[in-house]
>>> print(open('run13.cif').read())   # mmCIF, C-alpha atoms
data_data
#
loop_
_atom_site.label_atom_id
_atom_site.label_comp_id
_atom_site.auth_asym_id
_atom_site.auth_seq_id
_atom_site.Cartn_x
_atom_site.Cartn_y
_atom_site.Cartn_z
CA MET A 1 -168.00 -298.63 -52.29
CA THR A 2 -167.73 -296.33 -49.25
CA ALA A 3 -165.57 -297.52 -46.37
CA ALA A 4 -167.28 -297.96 -43.04
CA PRO A 5 -166.62 -295.03 -40.68
CA THR A 6 -163.90 -295.67 -38.12
CA ALA A 7 -165.29 -296.16 -34.65
CA ARG A 8 -164.42 -293.37 -32.26
CA ARG A 9 -161.93 -294.43 -29.67
CA LEU A 10 -162.51 -293.44 -26.08
CA PRO A 11 -159.93 -290.96 -24.74
CA SER A 12 -157.11 -292.48 -22.67
CA TRP A 13 -158.16 -290.50 -19.61
CA TRP A 14 -161.68 -291.90 -19.25
CA PRO A 15 -160.78 -294.65 -16.69
CA THR A 16 -158.73 -292.25 -14.52
CA PRO A 17 -161.62 -290.65 -12.59
CA LEU A 18 -163.30 -294.06 -12.12
CA VAL A 19 -160.13 -295.64 -10.73
CA GLY A 20 -159.59 -292.57 -8.54
CA ALA A 21 -163.16 -292.68 -7.26
CA ALA A 22 -162.78 -296.34 -6.31
CA GLY A 23 -159.54 -295.55 -4.46
CA GLY A 24 -161.10 -292.59 -2.66
CA TRP A 25 -164.12 -294.66 -1.60
CA LEU A 26 -161.91 -297.44 -0.21
CA ALA A 27 -159.69 -294.92 1.59
CA GLY A 28 -162.81 -293.40 3.14
CA LEU A 29 -163.89 -296.83 4.38
CA ALA A 30 -160.42 -297.29 5.90
CA ASP A 31 -160.72 -293.86 7.59
CA TRP A 32 -157.56 -292.51 5.96
CA PRO A 33 -156.72 -288.80 6.21
CA LEU A 34 -157.68 -286.84 3.07
CA PRO A 35 -159.23 -290.04 1.64
CA TRP A 36 -160.34 -288.67 -1.71
CA MET A 37 -156.92 -287.28 -2.51
CA ILE A 38 -154.68 -290.02 -1.10
CA GLY A 39 -156.97 -292.88 -2.11
CA SER A 40 -157.33 -291.67 -5.71
CA LEU A 41 -153.58 -290.95 -5.88
CA LEU A 42 -152.57 -294.46 -4.80
CA ALA A 43 -155.21 -296.19 -6.93
CA VAL A 44 -154.20 -294.42 -10.14
CA ILE A 45 -150.46 -294.93 -9.42
CA ALA A 46 -151.11 -298.66 -8.87
CA VAL A 47 -152.97 -298.93 -12.19
CA ARG A 48 -150.25 -297.03 -14.08
CA CYS A 49 -147.48 -299.13 -12.51
CA SER A 50 -149.36 -302.26 -13.59
CA GLY A 51 -148.84 -301.17 -17.20
CA TRP A 52 -152.20 -299.55 -17.95
CA LEU A 53 -151.07 -295.98 -18.62
CA VAL A 54 -154.25 -294.06 -18.00
CA THR A 55 -153.76 -290.32 -18.47
CA GLU A 56 -154.66 -287.08 -16.73
CA VAL A 57 -158.20 -285.70 -16.99
CA PRO A 58 -157.93 -282.53 -19.12
CA ARG A 59 -157.89 -279.48 -16.82
CA GLY A 60 -158.62 -281.77 -13.87
CA ARG A 61 -155.87 -280.39 -11.63
CA GLN A 62 -156.81 -276.78 -12.40
CA VAL A 63 -160.47 -277.38 -11.55
CA GLY A 64 -159.49 -279.25 -8.38
CA GLN A 65 -157.19 -276.42 -7.31
CA TRP A 66 -159.89 -273.85 -8.12
CA ILE A 67 -162.34 -275.60 -5.78
CA VAL A 68 -159.86 -276.28 -2.97
CA ALA A 69 -158.27 -272.82 -3.12
CA SER A 70 -161.70 -271.20 -2.93
CA ALA A 71 -162.52 -273.21 0.20
CA ILE A 72 -159.18 -272.23 1.76
CA GLY A 73 -159.69 -268.55 0.91
CA LEU A 74 -163.04 -268.57 2.72
CA HIS A 75 -161.19 -269.36 5.97
CA PHE A 76 -159.80 -265.82 5.90
CA THR A 77 -162.02 -263.46 7.90
CA GLY A 78 -161.27 -260.04 9.33
CA GLU A 79 -160.28 -261.53 12.69
CA VAL A 80 -158.04 -264.12 11.06
CA MET A 81 -156.30 -261.50 8.90
CA VAL A 82 -155.55 -259.35 11.97
CA GLU A 83 -153.97 -262.39 13.64
CA VAL A 84 -151.92 -263.28 10.54
CA LEU A 85 -150.65 -259.71 10.10
CA SER A 86 -149.75 -259.45 13.77
CA HIS A 87 -147.49 -262.49 13.37
CA PHE A 88 -146.04 -261.53 9.98
CA GLY A 89 -142.48 -261.51 11.34
CA VAL A 90 -142.79 -265.11 12.51
CA ILE A 91 -144.37 -266.15 9.19
CA LEU A 92 -141.54 -264.49 7.24
CA ALA A 93 -138.94 -266.18 9.45
CA GLY A 94 -140.58 -269.58 8.94
CA ALA A 95 -140.72 -269.10 5.17
CA LEU A 96 -137.05 -268.05 5.02
CA ILE A 97 -135.99 -270.99 7.20
CA THR A 98 -137.67 -273.52 4.91
CA LEU A 99 -136.11 -271.84 1.89
CA LEU A 100 -132.68 -272.25 3.48
CA LEU A 101 -133.39 -275.93 4.19
CA GLY A 102 -132.99 -276.45 0.45
CA GLY A 103 -129.27 -276.35 1.22
CA ILE A 104 -129.55 -279.90 2.60
CA GLY A 105 -130.61 -281.17 -0.81
CA ILE A 106 -127.97 -279.14 -2.63
CA VAL A 107 -125.20 -280.69 -0.52
CA ILE A 108 -126.55 -284.24 -0.92
CA LEU A 109 -126.97 -283.95 -4.69
CA LEU A 110 -123.63 -282.23 -5.28
CA ARG A 111 -121.81 -284.97 -3.39
CA SER A 112 -123.52 -287.58 -5.56
CA GLY A 113 -122.23 -286.01 -8.77
CA SER A 114 -125.13 -283.81 -9.89
CA ASP A 115 -124.22 -280.52 -11.55
CA ARG A 116 -124.80 -277.28 -9.66
CA ALA A 117 -127.89 -276.14 -11.54
CA THR A 118 -129.65 -279.51 -11.22
CA ALA A 119 -128.80 -279.78 -7.51
CA PHE A 120 -129.94 -276.21 -6.83
CA PHE A 121 -133.26 -276.15 -8.67
CA ALA A 122 -134.18 -279.72 -7.65
CA SER A 123 -133.76 -278.70 -3.98
CA MET A 124 -135.96 -275.60 -3.96
CA PRO A 125 -139.03 -276.14 -1.71
CA GLY A 126 -141.83 -275.34 -4.15
CA GLY A 127 -142.69 -273.96 -7.57
CA ALA A 128 -142.09 -277.20 -9.45
CA SER A 129 -142.96 -276.06 -12.99
CA GLU A 130 -141.10 -272.77 -12.56
CA MET A 131 -137.99 -274.57 -11.24
CA VAL A 132 -138.03 -276.89 -14.28
CA ASN A 133 -138.12 -273.84 -16.57
CA LEU A 134 -135.22 -272.20 -14.69
CA ALA A 135 -133.27 -275.47 -14.83
CA SER A 136 -133.61 -275.50 -18.62
CA ARG A 137 -132.41 -271.90 -18.78
CA HIS A 138 -129.26 -272.72 -16.79
CA ASP A 139 -128.25 -275.91 -18.65
CA ALA A 140 -129.38 -278.27 -15.89
CA GLU A 141 -131.20 -281.58 -16.33
CA PRO A 142 -134.91 -280.60 -16.42
CA ALA A 143 -136.10 -284.23 -16.28
CA ARG A 144 -134.26 -284.80 -12.99
CA VAL A 145 -135.49 -281.50 -11.54
CA ALA A 146 -139.08 -282.46 -12.47
CA ALA A 147 -138.59 -285.94 -10.99
CA ALA A 148 -137.24 -284.47 -7.74
CA HIS A 149 -140.22 -282.14 -7.29
CA SER A 150 -142.72 -284.85 -8.24
CA LEU A 151 -141.26 -287.34 -5.76
CA ARG A 152 -141.10 -284.77 -2.97
CA LEU A 153 -144.75 -283.86 -3.52
CA LEU A 154 -145.71 -287.55 -3.51
CA LEU A 155 -143.86 -288.10 -0.22
CA VAL A 156 -145.45 -285.05 1.40
CA VAL A 157 -148.95 -286.13 0.33
CA LEU A 158 -148.48 -289.67 1.63
CA ILE A 159 -146.50 -288.98 4.81
CA VAL A 160 -147.53 -285.62 6.28
CA PRO A 161 -151.33 -286.11 6.65
CA ALA A 162 -150.82 -289.56 8.19
CA LEU A 163 -148.16 -288.35 10.66
CA PHE A 164 -150.12 -285.31 11.76
CA THR A 165 -153.33 -287.33 12.11
CA TRP A 166 -151.49 -289.85 14.28
CA ARG A 167 -149.78 -287.12 16.34
CA LEU A 168 -152.95 -285.17 17.15
CA PRO A 169 -155.78 -286.41 19.41
CA PRO A 170 -159.02 -287.30 17.59
CA MET A 171 -161.38 -284.35 17.37
CA PRO A 172 -165.03 -284.14 16.37
CA PRO A 173 -165.59 -282.45 12.99
CA PRO A 174 -166.34 -278.73 13.23
CA PRO A 175 -169.85 -277.49 12.50
CA ALA A 176 -170.38 -276.94 8.80
CA ALA A 177 -170.03 -273.32 7.69
CA PRO A 178 -173.17 -271.80 6.15
CA VAL A 179 -173.48 -272.00 2.36
CA SER A 180 -174.74 -269.02 0.36
CA TRP A 181 -174.79 -269.92 -3.33
CA PRO A 182 -175.15 -266.35 -4.67
CA TRP A 183 -171.99 -265.31 -2.80
CA LEU A 184 -170.14 -268.54 -3.58
CA LEU A 185 -170.90 -268.41 -7.30
CA ALA A 186 -169.75 -264.79 -7.45
CA LEU A 187 -166.51 -265.58 -5.61
CA LEU A 188 -165.85 -268.72 -7.67
CA ALA A 189 -166.34 -266.73 -10.86
CA ALA A 190 -164.03 -263.96 -9.62
CA GLY A 191 -161.41 -266.55 -8.66
CA GLY A 192 -161.60 -268.20 -12.07
CA LEU A 193 -161.20 -264.87 -13.87
CA LEU A 194 -158.25 -263.89 -11.68
CA ALA A 195 -156.63 -267.29 -12.32
CA LEU A 196 -156.99 -266.83 -16.09
CA LEU A 197 -155.46 -263.34 -15.83
CA TRP A 198 -152.52 -264.59 -13.72
CA GLN A 199 -152.03 -267.49 -16.11
CA ARG A 200 -151.89 -265.07 -19.04
CA LEU A 201 -149.32 -262.98 -17.13
CA ARG A 202 -147.30 -266.17 -16.48
CA GLN A 203 -147.57 -265.88 -12.70
CA PRO A 204 -146.79 -268.96 -10.55
CA ASN A 205 -149.54 -271.40 -9.55
CA PRO A 206 -152.44 -269.27 -10.92
CA TRP A 207 -155.25 -271.78 -10.26
CA MET A 208 -154.29 -271.94 -6.60
CA LEU A 209 -153.38 -268.33 -5.86
CA GLY A 210 -156.07 -266.68 -8.03
CA PRO A 211 -159.16 -268.25 -6.41
CA LEU A 212 -157.53 -268.14 -2.96
CA THR A 213 -156.92 -264.38 -3.29
CA ALA A 214 -160.39 -263.64 -4.67
CA CYS A 215 -162.18 -265.58 -1.92
CA ALA A 216 -159.96 -264.25 0.88
CA VAL A 217 -160.42 -260.63 -0.23
CA GLY A 218 -164.18 -261.11 -0.66
CA SER A 219 -164.51 -262.84 2.69
CA VAL A 220 -162.61 -260.11 4.56
CA ALA A 221 -164.12 -257.14 2.66
CA PHE A 222 -167.73 -258.25 3.12
CA ASP A 223 -167.26 -259.96 6.51
CA LEU A 224 -168.47 -263.29 5.16
CA HIS A 225 -168.38 -266.45 7.24
CA LEU A 226 -169.16 -268.98 4.54
CA GLY A 227 -167.86 -272.34 3.35
CA LEU A 228 -168.25 -274.70 0.44
CA PRO A 229 -170.41 -277.81 0.90
CA GLY A 230 -168.54 -280.96 1.95
CA TRP A 231 -168.96 -282.71 -1.39
CA ALA A 232 -167.14 -279.86 -3.14
CA GLY A 233 -164.02 -280.44 -1.03
CA ALA A 234 -164.11 -284.16 -1.82
CA LEU A 235 -164.48 -283.36 -5.54
CA GLY A 236 -161.44 -281.08 -5.44
CA GLN A 237 -159.35 -283.69 -3.61
CA TRP A 238 -160.38 -286.40 -6.08
CA LEU A 239 -159.42 -284.33 -9.13
CA ILE A 240 -156.06 -283.32 -7.61
CA GLY A 241 -155.23 -286.88 -6.54
CA CYS A 242 -156.01 -288.31 -9.98
CA SER A 243 -153.92 -285.61 -11.66
CA LEU A 244 -150.87 -285.98 -9.40
CA ALA A 245 -150.85 -289.76 -9.90
CA CYS A 246 -150.44 -289.43 -13.67
CA HIS A 247 -146.83 -288.25 -13.18
CA PHE A 248 -145.82 -291.70 -11.90
CA ASP A 249 -145.35 -295.10 -13.52
CA ARG A 250 -142.80 -297.91 -13.55
CA ALA A 251 -140.52 -295.94 -15.87
CA PHE A 252 -140.43 -293.03 -13.40
CA PHE A 253 -139.35 -295.20 -10.47
CA ARG A 254 -136.78 -297.02 -12.63
CA SER A 255 -135.39 -293.87 -14.31
CA ALA A 256 -132.63 -292.98 -11.84
CA PRO A 257 -133.00 -294.99 -8.63
CA ALA A 258 -129.87 -293.59 -6.95
CA PHE A 259 -130.96 -290.00 -7.65
CA LEU A 260 -134.50 -290.68 -6.39
CA LEU A 261 -133.15 -292.30 -3.21
CA ARG A 262 -131.14 -289.15 -2.52
CA ILE A 263 -134.24 -287.02 -3.04
CA LEU A 264 -136.06 -289.32 -0.59
CA ALA A 265 -133.28 -288.84 1.99
CA PHE A 266 -133.22 -285.07 1.48
CA THR A 267 -137.01 -284.75 1.79
CA LEU A 268 -137.14 -286.75 5.02
CA LEU A 269 -134.23 -284.74 6.51
CA ALA A 270 -135.88 -281.46 5.48
CA MET A 271 -139.16 -282.56 7.09
CA LEU A 272 -137.41 -283.41 10.36
CA ALA A 273 -135.46 -280.14 10.36
CA ALA A 274 -138.60 -278.13 9.58
CA ALA A 275 -140.49 -279.83 12.41
CA GLY A 276 -137.72 -279.11 14.93
CA LEU A 277 -137.31 -275.48 13.85
CA ALA A 278 -141.08 -274.93 13.87
CA GLU A 279 -141.22 -276.26 17.43
CA ALA A 280 -138.57 -273.75 18.50
CA LEU A 281 -140.15 -270.88 16.56
CA GLY A 282 -143.59 -271.63 17.98
CA TRP A 283 -142.21 -271.70 21.52
CA LEU A 284 -140.45 -268.34 21.04
CA ALA A 285 -143.47 -266.67 19.43
CA THR A 286 -146.15 -268.44 21.52
CA LEU A 287 -147.86 -269.72 18.38
CA ASP A 288 -149.36 -273.13 17.64
CA GLU A 289 -146.32 -275.32 16.88
CA THR A 290 -148.36 -277.88 14.94
CA SER A 291 -149.70 -275.30 12.48
CA LEU A 292 -146.20 -273.85 12.09
CA MET A 293 -144.80 -277.33 11.42
CA LEU A 294 -147.36 -277.96 8.72
CA GLY A 295 -146.74 -274.55 7.15
CA MET A 296 -142.99 -275.15 7.07
CA MET A 297 -143.14 -278.60 5.48
CA PRO A 298 -141.48 -278.76 2.03
CA GLY A 299 -144.35 -279.47 -0.33
CA GLY A 300 -147.33 -278.18 -2.27
CA ILE A 301 -149.59 -275.39 -1.01
CA THR A 302 -152.78 -277.20 -1.98
CA GLU A 303 -151.99 -280.47 -0.24
CA LEU A 304 -150.70 -278.94 3.00
CA CYS A 305 -153.56 -276.46 3.29
CA LEU A 306 -156.01 -279.33 2.78
CA THR A 307 -154.28 -281.18 5.62
CA ALA A 308 -154.59 -278.13 7.89
CA GLU A 309 -158.30 -277.88 7.07
CA ALA A 310 -158.90 -281.59 7.70
CA LEU A 311 -157.07 -281.47 11.06
CA GLN A 312 -158.73 -278.21 12.19
CA LEU A 313 -155.42 -276.37 12.42
CA SER A 314 -154.84 -272.72 11.55
CA VAL A 315 -155.50 -272.83 7.80
CA ALA A 316 -154.66 -269.13 7.48
CA LEU A 317 -151.26 -269.52 9.16
CA VAL A 318 -150.35 -272.56 7.03
CA THR A 319 -151.53 -270.79 3.88
CA ALA A 320 -149.62 -267.60 4.67
CA LEU A 321 -146.38 -269.53 5.25
CA GLN A 322 -146.75 -271.58 2.08
CA VAL A 323 -147.74 -268.64 -0.16
CA LEU A 324 -144.96 -266.39 1.17
CA ARG A 325 -142.39 -269.15 0.67
CA LEU A 326 -143.60 -269.74 -2.88
CA PHE A 327 -143.07 -266.06 -3.73
CA LEU A 328 -139.65 -266.07 -2.06
CA VAL A 329 -138.66 -269.10 -4.16
CA MET A 330 -140.01 -267.50 -7.34
CA PHE A 331 -138.21 -264.20 -6.85
CA LEU A 332 -135.01 -265.32 -5.11
CA ALA A 333 -134.10 -268.68 -6.67
CA GLU A 334 -132.53 -267.41 -9.89
CA PRO A 335 -130.71 -264.38 -8.34
CA LEU A 336 -129.30 -266.63 -5.59
CA PHE A 337 -128.12 -269.19 -8.13
CA ARG A 338 -126.41 -266.50 -10.22
CA LEU A 339 -124.77 -265.07 -7.09
CA TRP A 340 -123.50 -268.55 -6.20
CA GLN A 341 -122.12 -269.01 -9.71
CA ARG A 342 -120.27 -265.67 -9.56
CA THR A 343 -118.87 -265.91 -6.05
CA VAL A 344 -118.00 -269.61 -5.72
CA PRO A 345 -115.74 -271.05 -8.45
#
>>> encode(input="run13.cif", output="C-alpha cells")
Amino acid sequence: MTAAPTARRLPSWWPTPLVGAAGGWLAGLADWPLPWMIGSLLAVIAVRCSGWLVTEVPRGRQVGQWIVASAIGLHFTGEVMVEVLSHFGVILAGALITLLLGGIGIVILLRSGSDRATAFFASMPGGASEMVNLASRHDAEPARVAAAHSLRLLLVVLIVPALFTWRLPPMPPPPAAPVSWPWLLALLAAGGLLALLWQRLRQPNPWMLGPLTACAVGSVAFDLHLGLPGWAGALGQWLIGCSLACHFDRAFFRSAPAFLLRILAFTLLAMLAAAGLAEALGWLATLDETSLMLGMMPGGITELCLTAEALQLSVALVTALQVLRLFLVMFLAEPLFRLWQRTVP
C-alpha cells in the first residue's frame, strides 16, 4: 500500500512580505517618513519578537537595493557631477571625519572589557558584512561585531529620518521625473550585470554600488533626466525593511544587553558629533549643512540616501559622502588595525 504523499509545507518567509506590507500601509496612514521601509521594519520586528520567527524573503534585500540604488543613480546628471567634483575636498574631509568618529566606540567598548579587535571592527561606520569577516580573521567576536552593526543600522533607520523630517519645514513633493522604460530597462539590466560581476569579485555592497554606478554613468553620459515611478521606490523600501527586520528577535535583544547599551550610547554620540562637525564644515565650505549632516551620519548608504531623496536634499552629496566613506573603511580598516597592534602594546 503506497503512503500518501507528504503535503508541501509553505516556506517560512511567506508571511514576511504580508506583515511588512501591513506595516508600511499603516505607517503611510500615519504619515511617517519612509513609511514602506520603517513601517515594514517595525511590523516584522514586532512579529519576530512575539515568537513567530518569520524569515527573510530570498534575495529580497538585493532586489530592494537594486531598485533603490538605480533610483539614486538617476539623480546624477552632468550638472550635479560638476558640483560634486568641485566640492570633492569637502566630501573627502567629511568622510574622513566620520571614519575617525569610530574612535568614540573603540574607547567605550575597550573600557567595558571588549578585546581590541571586537572594539575596533564593531566601531567602524559601515561595511557590516566585511567588518564581520575581518573580525573573524583577527580573532575577535564576530557575533558581537554583527550585533553592533545591526543595532546601529536599526537606530539610524528609526531615528535619522524622523529627526530630519521634524527639523526641516514641510515641503511640497517635487514634480515626478519623466519615465522612459526603454532607457530604464537598459540601465536596470546594466546595473544588475555590474552587481553580479562585483559580487563575483567579492567587492563590498555590490547590489547597492553596481546599479548606482551603472545608472549614474548612463545618466551623465547620455544627459538623461529620468526617474523611476513612485511605486518602484515603495517596492524597494518594502523589500529592504522586511529584510533588515529579520536580523532582530527577542534573542538578539537579550544576547548581551550591556554590550548593546554601549553600542546605543556610541551611536547616539557619533550622530551628535557628526551633526556638529557637519554644521561647521558646511559653514566653512558654504554648502548645505543638512545634506552634509545626513551624509556624515554613521549608517547604511541605502537608508540615508533614501532619506535624502524623501526630504529633497542633495542626494548626490549624501551618496558621494557615504560611498567614499565605505571605500575608506574597506581599504583602511585592516591596515589601521594592524598598525595599532604593532605600535601600541
>>> residues_around(input="run13.cif", residues="A:Leu294", least_positions_apart="2", cutoff="10 Å", atoms="all atoms listed in the file", output="short mmCIF file (atom, residue, chain, number, x, y, z; two decimals) with C-alpha atoms, in the coordinates of the input")
data_model
loop_
_atom_site.label_atom_id
_atom_site.label_comp_id
_atom_site.auth_asym_id
_atom_site.auth_seq_id
_atom_site.Cartn_x
_atom_site.Cartn_y
_atom_site.Cartn_z
CA VAL A 160 -147.53 -285.62 6.28
CA PRO A 161 -151.33 -286.11 6.65
CA PHE A 164 -150.12 -285.31 11.76
CA MET A 271 -139.16 -282.56 7.09
CA ALA A 274 -138.60 -278.13 9.58
CA ALA A 275 -140.49 -279.83 12.41
CA ALA A 278 -141.08 -274.93 13.87
CA GLU A 289 -146.32 -275.32 16.88
CA THR A 290 -148.36 -277.88 14.94
CA SER A 291 -149.70 -275.30 12.48
CA LEU A 292 -146.20 -273.85 12.09
CA MET A 296 -142.99 -275.15 7.07
CA MET A 297 -143.14 -278.60 5.48
CA PRO A 298 -141.48 -278.76 2.03
CA GLY A 299 -144.35 -279.47 -0.33
CA LEU A 304 -150.70 -278.94 3.00
CA CYS A 305 -153.56 -276.46 3.29
CA THR A 307 -154.28 -281.18 5.62
CA ALA A 308 -154.59 -278.13 7.89
CA LEU A 313 -155.42 -276.37 12.42
CA SER A 314 -154.84 -272.72 11.55
CA VAL A 315 -155.50 -272.83 7.80
CA LEU A 317 -151.26 -269.52 9.16
CA VAL A 318 -150.35 -272.56 7.03
CA THR A 319 -151.53 -270.79 3.88
CA LEU A 321 -146.38 -269.53 5.25
CA GLN A 322 -146.75 -271.58 2.08
#
>>> resolve_selection(input="run13.cif", expression="the PyMOL selection byres ((chain A and resi 210) around 12)", output="short mmCIF file (atom, residue, chain, number, x, y, z; two decimals) with C-alpha atoms, in the frame of the given file")
data_model
loop_
_atom_site.label_atom_id
_atom_site.label_comp_id
_atom_site.auth_asym_id
_atom_site.auth_seq_id
_atom_site.Cartn_x
_atom_site.Cartn_y
_atom_site.Cartn_z
CA GLN A 62 -156.81 -276.78 -12.40
CA GLN A 65 -157.19 -276.42 -7.31
CA TRP A 66 -159.89 -273.85 -8.12
CA ILE A 67 -162.34 -275.60 -5.78
CA VAL A 68 -159.86 -276.28 -2.97
CA ALA A 69 -158.27 -272.82 -3.12
CA SER A 70 -161.70 -271.20 -2.93
CA ILE A 72 -159.18 -272.23 1.76
CA GLY A 73 -159.69 -268.55 0.91
CA LEU A 187 -166.51 -265.58 -5.61
CA LEU A 188 -165.85 -268.72 -7.67
CA ALA A 189 -166.34 -266.73 -10.86
CA ALA A 190 -164.03 -263.96 -9.62
CA GLY A 191 -161.41 -266.55 -8.66
CA GLY A 192 -161.60 -268.20 -12.07
CA LEU A 193 -161.20 -264.87 -13.87
CA LEU A 194 -158.25 -263.89 -11.68
CA ALA A 195 -156.63 -267.29 -12.32
CA LEU A 196 -156.99 -266.83 -16.09
CA LEU A 197 -155.46 -263.34 -15.83
CA TRP A 198 -152.52 -264.59 -13.72
CA GLN A 199 -152.03 -267.49 -16.11
CA ARG A 200 -151.89 -265.07 -19.04
CA LEU A 201 -149.32 -262.98 -17.13
CA GLN A 203 -147.57 -265.88 -12.70
CA PRO A 204 -146.79 -268.96 -10.55
CA ASN A 205 -149.54 -271.40 -9.55
CA PRO A 206 -152.44 -269.27 -10.92
CA TRP A 207 -155.25 -271.78 -10.26
CA MET A 208 -154.29 -271.94 -6.60
CA LEU A 209 -153.38 -268.33 -5.86
CA PRO A 211 -159.16 -268.25 -6.41
CA LEU A 212 -157.53 -268.14 -2.96
CA THR A 213 -156.92 -264.38 -3.29
CA ALA A 214 -160.39 -263.64 -4.67
CA CYS A 215 -162.18 -265.58 -1.92
CA ALA A 216 -159.96 -264.25 0.88
CA VAL A 217 -160.42 -260.63 -0.23
CA VAL A 323 -147.74 -268.64 -0.16
#
>>> resolve_selection(input="run13.cif", expression="the PyMOL selection byres ((chain A and resi 179) around 7)", output="list in words")
Ala177, Pro178, Ser180, Trp181, Leu226, Gly227, Leu228 and Pro229 of chain A
>>> resolve_selection(input="run13.cif", expression="the PyMOL selection byres ((chain A and resi 246) around 7)", output="JSON, numbers by chain")
{"A": [45, 55, 56, 242, 243, 244, 245, 247, 248]}
>>> atom_distance(input="run13.cif", atom1="atom CA of A:Pro35", atom2="atom CA of A:Leu74")
21.8 Å
>>> closest_residue(input="run13.cif", among="A:Ala128, A:Ser123, A:Gly300, A:Gly78", to="A:Leu110", atoms="all atoms listed in the file")
A:Ser123
>>> atom_distance(input="run13.cif", atom1="atom CA of A:Phe259", atom2="atom CA of A:Ala140")
14.4 Å
>>> residues_around(input="run13.cif", residues="stretch 18-23 of chain A", least_positions_apart="4", cutoff="6 Å", atoms="only C-alpha atoms", output="list in words")
Gly39, Ser40, Ala43, Val44 and Cys242 of chain A
>>> closest_residue(input="run13.cif", among="A:Glu334, A:Asp249, A:Glu279, A:Glu303", to="A:Glu130", atoms="all atoms listed in the file")
A:Glu334
>>> atom_distance(input="run13.cif", atom1="atom CA of A:Pro58", atom2="atom CA of A:Val157")
21.7 Å
>>> closest_residue(input="run13.cif", among="A:Leu26, A:Leu328, A:Leu268, A:Met81", to="A:Val156", atoms="all atoms listed in the file")
A:Leu268
>>> closest_residue(input="run13.cif", among="A:Ser150, A:Thr267, A:Thr16, A:Thr343", to="A:Ile106", atoms="all atoms listed in the file")
A:Thr267
>>> closest_residue(input="run13.cif", among="A:Gly126, A:Gly230, A:Pro15, A:Gly28", to="A:Leu324", atoms="only C-alpha atoms")
A:Gly126
>>> residues_around(input="run13.cif", residues="A:Leu239", least_positions_apart="2", cutoff="7 Å", atoms="all atoms listed in the file", output="ChimeraX atom specification")
/A:60-61,64,235-237,241-243
>>> closest_residue(input="run13.cif", among="A:Glu79, A:Arg152, A:Trp13, A:Ala95", to="A:Leu261", atoms="all atoms listed in the file")
A:Arg152
>>> residues_around(input="run13.cif", residues="A:Val82", least_positions_apart="5", cutoff="12 Å", atoms="all atoms listed in the file", output="PyMOL selection string")
chain A and resi 76-77+87-88+220+316-317
>>> residues_around(input="run13.cif", residues="A:Leu163", least_positions_apart="5", cutoff="10 Å", atoms="all atoms listed in the file", output="PyMOL selection string")
chain A and resi 33+158+168
>>> axis_aligned_box(input="run13.cif", around="stretch 67-79 of chain A", padding_each_side="8 Å", output="lines of an AutoDock Vina configuration file")
center_x = -160.7
center_y = -268.2
center_z = 3.5
size_x = 20.8
size_y = 32.2
size_z = 34.5
